[in-house]
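Asker: Structure provided below as structure tokens; questions to follow.
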Amino acid sequence: MRQSCQSAVKDAIAYTFCVSDDTHLFSLSGEIALVTGATRGIGAEIAGQFRAAGADVIGTATTPAGASAIAERLGGDDAGKVLDVASDESVKALMADLGGRLPTILVNNAGIVRDKLLLRMKPDDWQDVVNTNLNSAYRLCKACLRGMLKARRGRIINLSSVVGVAGAAGQGNYAAAKAGLLGFTRALAQEVAGRGITVNAIAPGYIETGMTADLPAERKDAMIAQIPAGRVGTPLDVAGAAVYLASPAASYVTGTVLHVNGGMWMG
């Protein structure tokens, strides 16, 4: 994010304030954003809103068909890429494919669920969720940080969950991975803040996506009853938070968790 800074004095106290050189406080013009899991739901909405804000967006999918759909939706042949976030080799291949198009914004959104009560949870159910939802952030942050550190600017946004804070029966693996993301976010934020890089997390509550569409009606009703806003969230609600955290408006915000849950969790 390009900024110009000026000094001012008020009540005998000196202030320095910075203003984005772009025309809008929430402009992402000139930024290159990498959004994982961008085929649908929250990831697709974030990618679309980043593009609308002026960023050059790269969205990832697990299949060539998904990558092609992203490229068509975002309007660029190189806007969709195939990536298995659970694979070191796949991450390395993606970064090589990007060449000089080094991300200045990274959104770790890709995730899976394998819900089961602990006594019924198989080792693969645990490992697959932790590897995809948590270990992937380690892989991608490490891959993107070198370019951000060299440029002395960057934004990293990790998609956690209200479940990572409050827990949920039958989601021990998912809750552990999403809680781990919060600790990882805070630790990395402290490491790179001095280089102009912010690291934050978004913790969505109950969002209407394909991942939640198959829930039984009675469970949906019970969840809505716990939400003071009286409704479920939408992917756009989460994308708005992501645009904010990626923008010059959030240049002094790092190591924080932005809860987007309609009041379902207040902490």
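For the structure tokens, the naming scheme is as follows: chains receive sequential letters (A, B, ...) according to their order of presentation, residues are indexed from 1 within each chain, and ligands are indexed from 1 in presentation order.
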Please provide as a list in words all residues within 12 Å of A:Ala222, with the sequence filter that same-chain residues fewer than 6 positions apart are discarded (counting only C-alpha atoms).
Answerer: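 With the cut-off at 12 Å, the set is Tyr206, Leu215, Pro216, Gly230, Arg231, Val232 and Met264 of chain A.
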Asker: Could you name the residues that touch A:Leu182 at 9 Å or less, counting only C-alpha atoms, but leaving out those on the same chain fewer than 4 positions away, as a PyMOL selection string?
Answerer: chain A and resi 158+160+164-165+178+186-187+200-201+255-257
Asker: Which residues are near A:Val107? Cut-off 8 Å, only C-alpha atoms, ignore same chain within fewer than 2 positions. Put them as number ranges by chain.
Answerer: A: 33-36, 105, 109, 156-159
Asker: Compile the contact shell of A:Ala176 as a PyMOL selection string: residues with an atom at most 12 Å away, counting only C-alpha atoms, same-chain residues fewer than 5 positions apart removed.
Answerer: chain A and resi 113+126-127+129-131+133-135+160-171+181-183
Asker: Using DSSP assignments from the backbone, pull out every residue in stretch 33-230 of chain A that falls under strand (DSSP E or B) and give it to me as a ChimeraX atom specification.
Answerer: /A:33-35,56-61,80-82,105-108,116,154-159,171,197-204,207
Asker: Give me the residues within 8 Å of stretch 141-153 of chain A as a PDB file with all heavy atoms, in the first residue's frame, counting only C-alpha atoms and dropping any in the same chain fewer than 4 places off.
Answerer:
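Result file around_10.pdb:
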```pdb
ATOM      1  N   MET A   1       0.831  -1.181   0.000  1.00  0.00           N
ATOM      2  CA  MET A   1       0.000   0.000   0.000  1.00  0.00           C
ATOM      3  C   MET A   1       0.877   1.246   0.000  1.00  0.00           C
ATOM      4  O   MET A   1       1.712   1.405   0.883  1.00  0.00           O
ATOM      5  CB  MET A   1      -0.931   0.033   1.219  1.00  0.00           C
ATOM      6  CG  MET A   1      -2.054  -0.991   1.156  1.00  0.00           C
ATOM      7  SD  MET A   1      -1.437  -2.652   1.494  1.00  0.00           S
ATOM      8  CE  MET A   1      -2.948  -3.590   1.394  1.00  0.00           C
ATOM      9  N   VAL A  91       2.221 -26.361  -3.243  1.00  0.00           N
ATOM     10  CA  VAL A  91       2.463 -24.955  -2.908  1.00  0.00           C
ATOM     11  C   VAL A  91       3.708 -24.451  -3.634  1.00  0.00           C
ATOM     12  O   VAL A  91       3.712 -23.346  -4.209  1.00  0.00           O
ATOM     13  CB  VAL A  91       2.607 -24.764  -1.387  1.00  0.00           C
ATOM     14  CG1 VAL A  91       3.073 -23.350  -1.054  1.00  0.00           C
ATOM     15  CG2 VAL A  91       1.279 -25.051  -0.696  1.00  0.00           C
ATOM     16  N   LYS A  92       4.763 -25.249  -3.654  1.00  0.00           N
ATOM     17  CA  LYS A  92       5.983 -24.854  -4.353  1.00  0.00           C
ATOM     18  C   LYS A  92       5.723 -24.673  -5.843  1.00  0.00           C
ATOM     19  O   LYS A  92       6.232 -23.728  -6.473  1.00  0.00           O
ATOM     20  CB  LYS A  92       7.076 -25.910  -4.131  1.00  0.00           C
ATOM     21  CG  LYS A  92       7.616 -25.951  -2.712  1.00  0.00           C
ATOM     22  CD  LYS A  92       8.635 -27.070  -2.554  1.00  0.00           C
ATOM     23  CE  LYS A  92       9.125 -27.171  -1.109  1.00  0.00           C
ATOM     24  NZ  LYS A  92      10.058 -28.330  -0.938  1.00  0.00           N
ATOM     25  N   MET A  95       3.875 -21.321  -6.490  1.00  0.00           N
ATOM     26  CA  MET A  95       4.737 -20.152  -6.389  1.00  0.00           C
ATOM     27  C   MET A  95       5.653 -20.044  -7.605  1.00  0.00           C
ATOM     28  O   MET A  95       5.914 -18.938  -8.103  1.00  0.00           O
ATOM     29  CB  MET A  95       5.558 -20.211  -5.096  1.00  0.00           C
ATOM     30  CG  MET A  95       4.718 -20.192  -3.823  1.00  0.00           C
ATOM     31  SD  MET A  95       3.505 -18.848  -3.730  1.00  0.00           S
ATOM     32  CE  MET A  95       4.582 -17.417  -3.651  1.00  0.00           C
ATOM     33  N   LEU A 102       4.298 -11.863  -7.285  1.00  0.00           N
ATOM     34  CA  LEU A 102       4.356 -12.242  -5.878  1.00  0.00           C
ATOM     35  C   LEU A 102       3.211 -11.590  -5.103  1.00  0.00           C
ATOM     36  O   LEU A 102       3.025 -10.368  -5.155  1.00  0.00           O
ATOM     37  CB  LEU A 102       5.698 -11.822  -5.277  1.00  0.00           C
ATOM     38  CG  LEU A 102       6.934 -12.515  -5.869  1.00  0.00           C
ATOM     39  CD1 LEU A 102       8.194 -11.966  -5.227  1.00  0.00           C
ATOM     40  CD2 LEU A 102       6.841 -14.024  -5.706  1.00  0.00           C
ATOM     41  N   PRO A 103       2.454 -12.390  -4.346  1.00  0.00           N
ATOM     42  CA  PRO A 103       1.311 -11.847  -3.599  1.00  0.00           C
ATOM     43  C   PRO A 103       1.736 -10.830  -2.547  1.00  0.00           C
ATOM     44  O   PRO A 103       2.704 -11.044  -1.810  1.00  0.00           O
ATOM     45  CB  PRO A 103       0.685 -13.082  -2.955  1.00  0.00           C
ATOM     46  CG  PRO A 103       1.137 -14.228  -3.800  1.00  0.00           C
ATOM     47  CD  PRO A 103       2.526 -13.864  -4.242  1.00  0.00           C
ATOM     48  N   THR A 104       1.007  -9.722  -2.488  1.00  0.00           N
ATOM     49  CA  THR A 104       1.158  -8.766  -1.392  1.00  0.00           C
ATOM     50  C   THR A 104       0.020  -8.931  -0.387  1.00  0.00           C
ATOM     51  O   THR A 104       0.064  -8.348   0.693  1.00  0.00           O
ATOM     52  CB  THR A 104       1.163  -7.322  -1.922  1.00  0.00           C
ATOM     53  OG1 THR A 104      -0.026  -7.097  -2.703  1.00  0.00           O
ATOM     54  CG2 THR A 104       2.382  -7.066  -2.784  1.00  0.00           C
ATOM     55  N   LEU A 106      -2.362 -12.232   1.172  1.00  0.00           N
ATOM     56  CA  LEU A 106      -2.618 -13.669   1.229  1.00  0.00           C
ATOM     57  C   LEU A 106      -3.826 -13.919   2.116  1.00  0.00           C
ATOM     58  O   LEU A 106      -3.866 -13.457   3.258  1.00  0.00           O
ATOM     59  CB  LEU A 106      -1.407 -14.419   1.792  1.00  0.00           C
ATOM     60  CG  LEU A 106      -1.627 -15.893   2.161  1.00  0.00           C
ATOM     61  CD1 LEU A 106      -1.978 -16.731   0.933  1.00  0.00           C
ATOM     62  CD2 LEU A 106      -0.394 -16.454   2.876  1.00  0.00           C
ATOM     63  N   ALA A 137      -1.711 -22.986   6.358  1.00  0.00           N
ATOM     64  CA  ALA A 137      -1.348 -21.589   6.629  1.00  0.00           C
ATOM     65  C   ALA A 137       0.158 -21.462   6.825  1.00  0.00           C
ATOM     66  O   ALA A 137       0.768 -20.488   6.360  1.00  0.00           O
ATOM     67  CB  ALA A 137      -2.089 -21.085   7.868  1.00  0.00           C
ATOM     68  N   VAL A 192       6.557 -10.076  12.126  1.00  0.00           N
ATOM     69  CA  VAL A 192       6.704  -9.320  10.876  1.00  0.00           C
ATOM     70  C   VAL A 192       6.138  -7.903  10.928  1.00  0.00           C
ATOM     71  O   VAL A 192       6.197  -7.182   9.933  1.00  0.00           O
ATOM     72  CB  VAL A 192       6.059 -10.089   9.697  1.00  0.00           C
ATOM     73  CG1 VAL A 192       6.730 -11.437   9.503  1.00  0.00           C
ATOM     74  CG2 VAL A 192       4.547 -10.273   9.908  1.00  0.00           C
ATOM     75  N   ARG A 195       8.136  -4.962   9.604  1.00  0.00           N
ATOM     76  CA  ARG A 195       8.423  -4.924   8.169  1.00  0.00           C
ATOM     77  C   ARG A 195       7.219  -4.450   7.358  1.00  0.00           C
ATOM     78  O   ARG A 195       7.162  -4.644   6.147  1.00  0.00           O
ATOM     79  CB  ARG A 195       8.851  -6.309   7.689  1.00  0.00           C
ATOM     80  CG  ARG A 195      10.126  -6.828   8.306  1.00  0.00           C
ATOM     81  CD  ARG A 195      11.334  -5.965   7.921  1.00  0.00           C
ATOM     82  NE  ARG A 195      12.588  -6.545   8.389  1.00  0.00           N
ATOM     83  CZ  ARG A 195      13.346  -7.363   7.660  1.00  0.00           C
ATOM     84  NH1 ARG A 195      12.977  -7.701   6.442  1.00  0.00           N
ATOM     85  NH2 ARG A 195      14.478  -7.819   8.152  1.00  0.00           N
ATOM     86  N   GLY A 196       6.248  -3.855   8.025  1.00  0.00           N
ATOM     87  CA  GLY A 196       5.094  -3.338   7.299  1.00  0.00           C
ATOM     88  C   GLY A 196       4.094  -4.394   6.895  1.00  0.00           C
ATOM     89  O   GLY A 196       3.265  -4.169   6.010  1.00  0.00           O
ATOM     90  N   ILE A 197       4.137  -5.556   7.530  1.00  0.00           N
ATOM     91  CA  ILE A 197       3.243  -6.663   7.206  1.00  0.00           C
ATOM     92  C   ILE A 197       2.280  -6.879   8.369  1.00  0.00           C
ATOM     93  O   ILE A 197       2.714  -6.995   9.521  1.00  0.00           O
ATOM     94  CB  ILE A 197       4.029  -7.957   6.943  1.00  0.00           C
ATOM     95  CG1 ILE A 197       5.018  -7.747   5.793  1.00  0.00           C
ATOM     96  CG2 ILE A 197       3.085  -9.114   6.628  1.00  0.00           C
ATOM     97  CD1 ILE A 197       6.053  -8.846   5.677  1.00  0.00           C
TER      98      ILE A 197
END
```
Asker: List as JSON, numbers by chain the protein and nucleic acid residues near A:Ala55, meaning an atom at most 7 Å away when only C-alpha atoms are counted, but skip any in the same chain fewer than 5 places from it.
Answerer: {"A": [28, 29, 30, 31, 32, 33, 50]}
Asker: Next, dump the selected residues to file, keeping only N, CA, C and O atoms, as a CSV table (one decimal), in the first residue's frame.
Answerer:
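Result file part_5.csv:
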```
chain,number,residue,atom,x,y,z
A,28,LEU,N,-7.6,-1.4,-3.2
A,28,LEU,CA,-6.6,-2.4,-3.3
A,28,LEU,C,-5.8,-2.4,-4.6
A,28,LEU,O,-5.2,-3.3,-5.0
A,29,SER,N,-5.9,-1.2,-5.2
A,29,SER,CA,-5.2,-1.0,-6.5
A,29,SER,C,-3.7,-1.2,-6.4
A,29,SER,O,-3.1,-0.7,-5.4
A,30,GLY,N,-3.1,-2.0,-7.3
A,30,GLY,CA,-1.7,-2.2,-7.2
A,30,GLY,C,-1.3,-3.4,-6.4
A,30,GLY,O,-0.2,-3.8,-6.4
A,31,GLU,N,-2.3,-4.0,-5.7
A,31,GLU,CA,-2.0,-5.2,-4.9
A,31,GLU,C,-2.2,-6.5,-5.7
A,31,GLU,O,-3.1,-6.6,-6.6
A,32,ILE,N,-1.5,-7.5,-5.3
A,32,ILE,CA,-1.7,-8.9,-5.9
A,32,ILE,C,-2.2,-9.8,-4.7
A,32,ILE,O,-1.4,-10.0,-3.7
A,33,ALA,N,-3.4,-10.3,-4.9
A,33,ALA,CA,-4.0,-11.1,-3.8
A,33,ALA,C,-4.1,-12.5,-4.1
A,33,ALA,O,-4.6,-12.9,-5.2
A,50,PHE,N,-12.3,-8.4,-3.7
A,50,PHE,CA,-10.9,-7.9,-3.9
A,50,PHE,C,-10.7,-7.4,-5.3
A,50,PHE,O,-10.1,-6.3,-5.5
```
Asker: At a cut-off of 8 Å, using only C-alpha atoms, what residues contact stretch 238-254 of chain A? Leave out same-chain residues fewer than 5 positions from it and give the result as a PyMOL selection string.
Answerer: chain A and resi 1+20+25-28+42+45-46+49-50+53+105+155-157+189+193+198-200+202+204+260
Asker: Mind checking DSSP for stretch 31-238 of chain A and telling me the alpha helix (DSSP H) residues as an MDAnalysis selection string?
Answerer: chainID A and resid 41:52 64:74 88:98 123:130 136:151 163:166 172:192 210:213 217:224 235:238
Asker: Give one line per residue of stretch 109-189 of chain A that approaches stretch 66-84 of chain A to at most 10 Å, naming the two atoms of the closest pair and their distance in Å to one decimal, counting only C-alpha atoms; sort by chain then ascending residue number and deliver it as JSON lines.
Answerer:
```
{"residue": "A:Ala110", "atom": "CA", "partner": "A:Asp84", "partner_atom": "CA", "distance": 9.3}
{"residue": "A:Thr132", "atom": "CA", "partner": "A:Asp84", "partner_atom": "CA", "distance": 8.6}
{"residue": "A:Ser136", "atom": "CA", "partner": "A:Asp84", "partner_atom": "CA", "distance": 9.0}
```
Asker: Print the selection's residues with N, CA, C and O atoms to a file, as a tab-separated table (two decimals), in the first residue's frame.
Answerer:
```
chain	number	residue	atom	x	y	z
A	110	ALA	N	-9.00	-21.79	2.39
A	110	ALA	CA	-9.36	-23.18	2.08
A	110	ALA	C	-9.50	-24.02	3.35
A	110	ALA	O	-8.69	-23.92	4.27
A	132	THR	N	-5.16	-29.62	6.35
A	132	THR	CA	-5.76	-28.71	5.39
A	132	THR	C	-6.07	-27.35	6.00
A	132	THR	O	-5.86	-26.30	5.37
A	136	SER	N	-1.72	-25.77	6.32
A	136	SER	CA	-1.69	-25.04	5.04
A	136	SER	C	-1.29	-23.58	5.25
A	136	SER	O	-0.60	-22.98	4.40
```
Asker: Using only C-alpha atoms, which residue out of A:His24, A:Leu94, A:Asn108, A:Gly100 lies closest to A:Gly54?
Answerer: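 Of all the options, A:His24 lies closest to A:Gly54.
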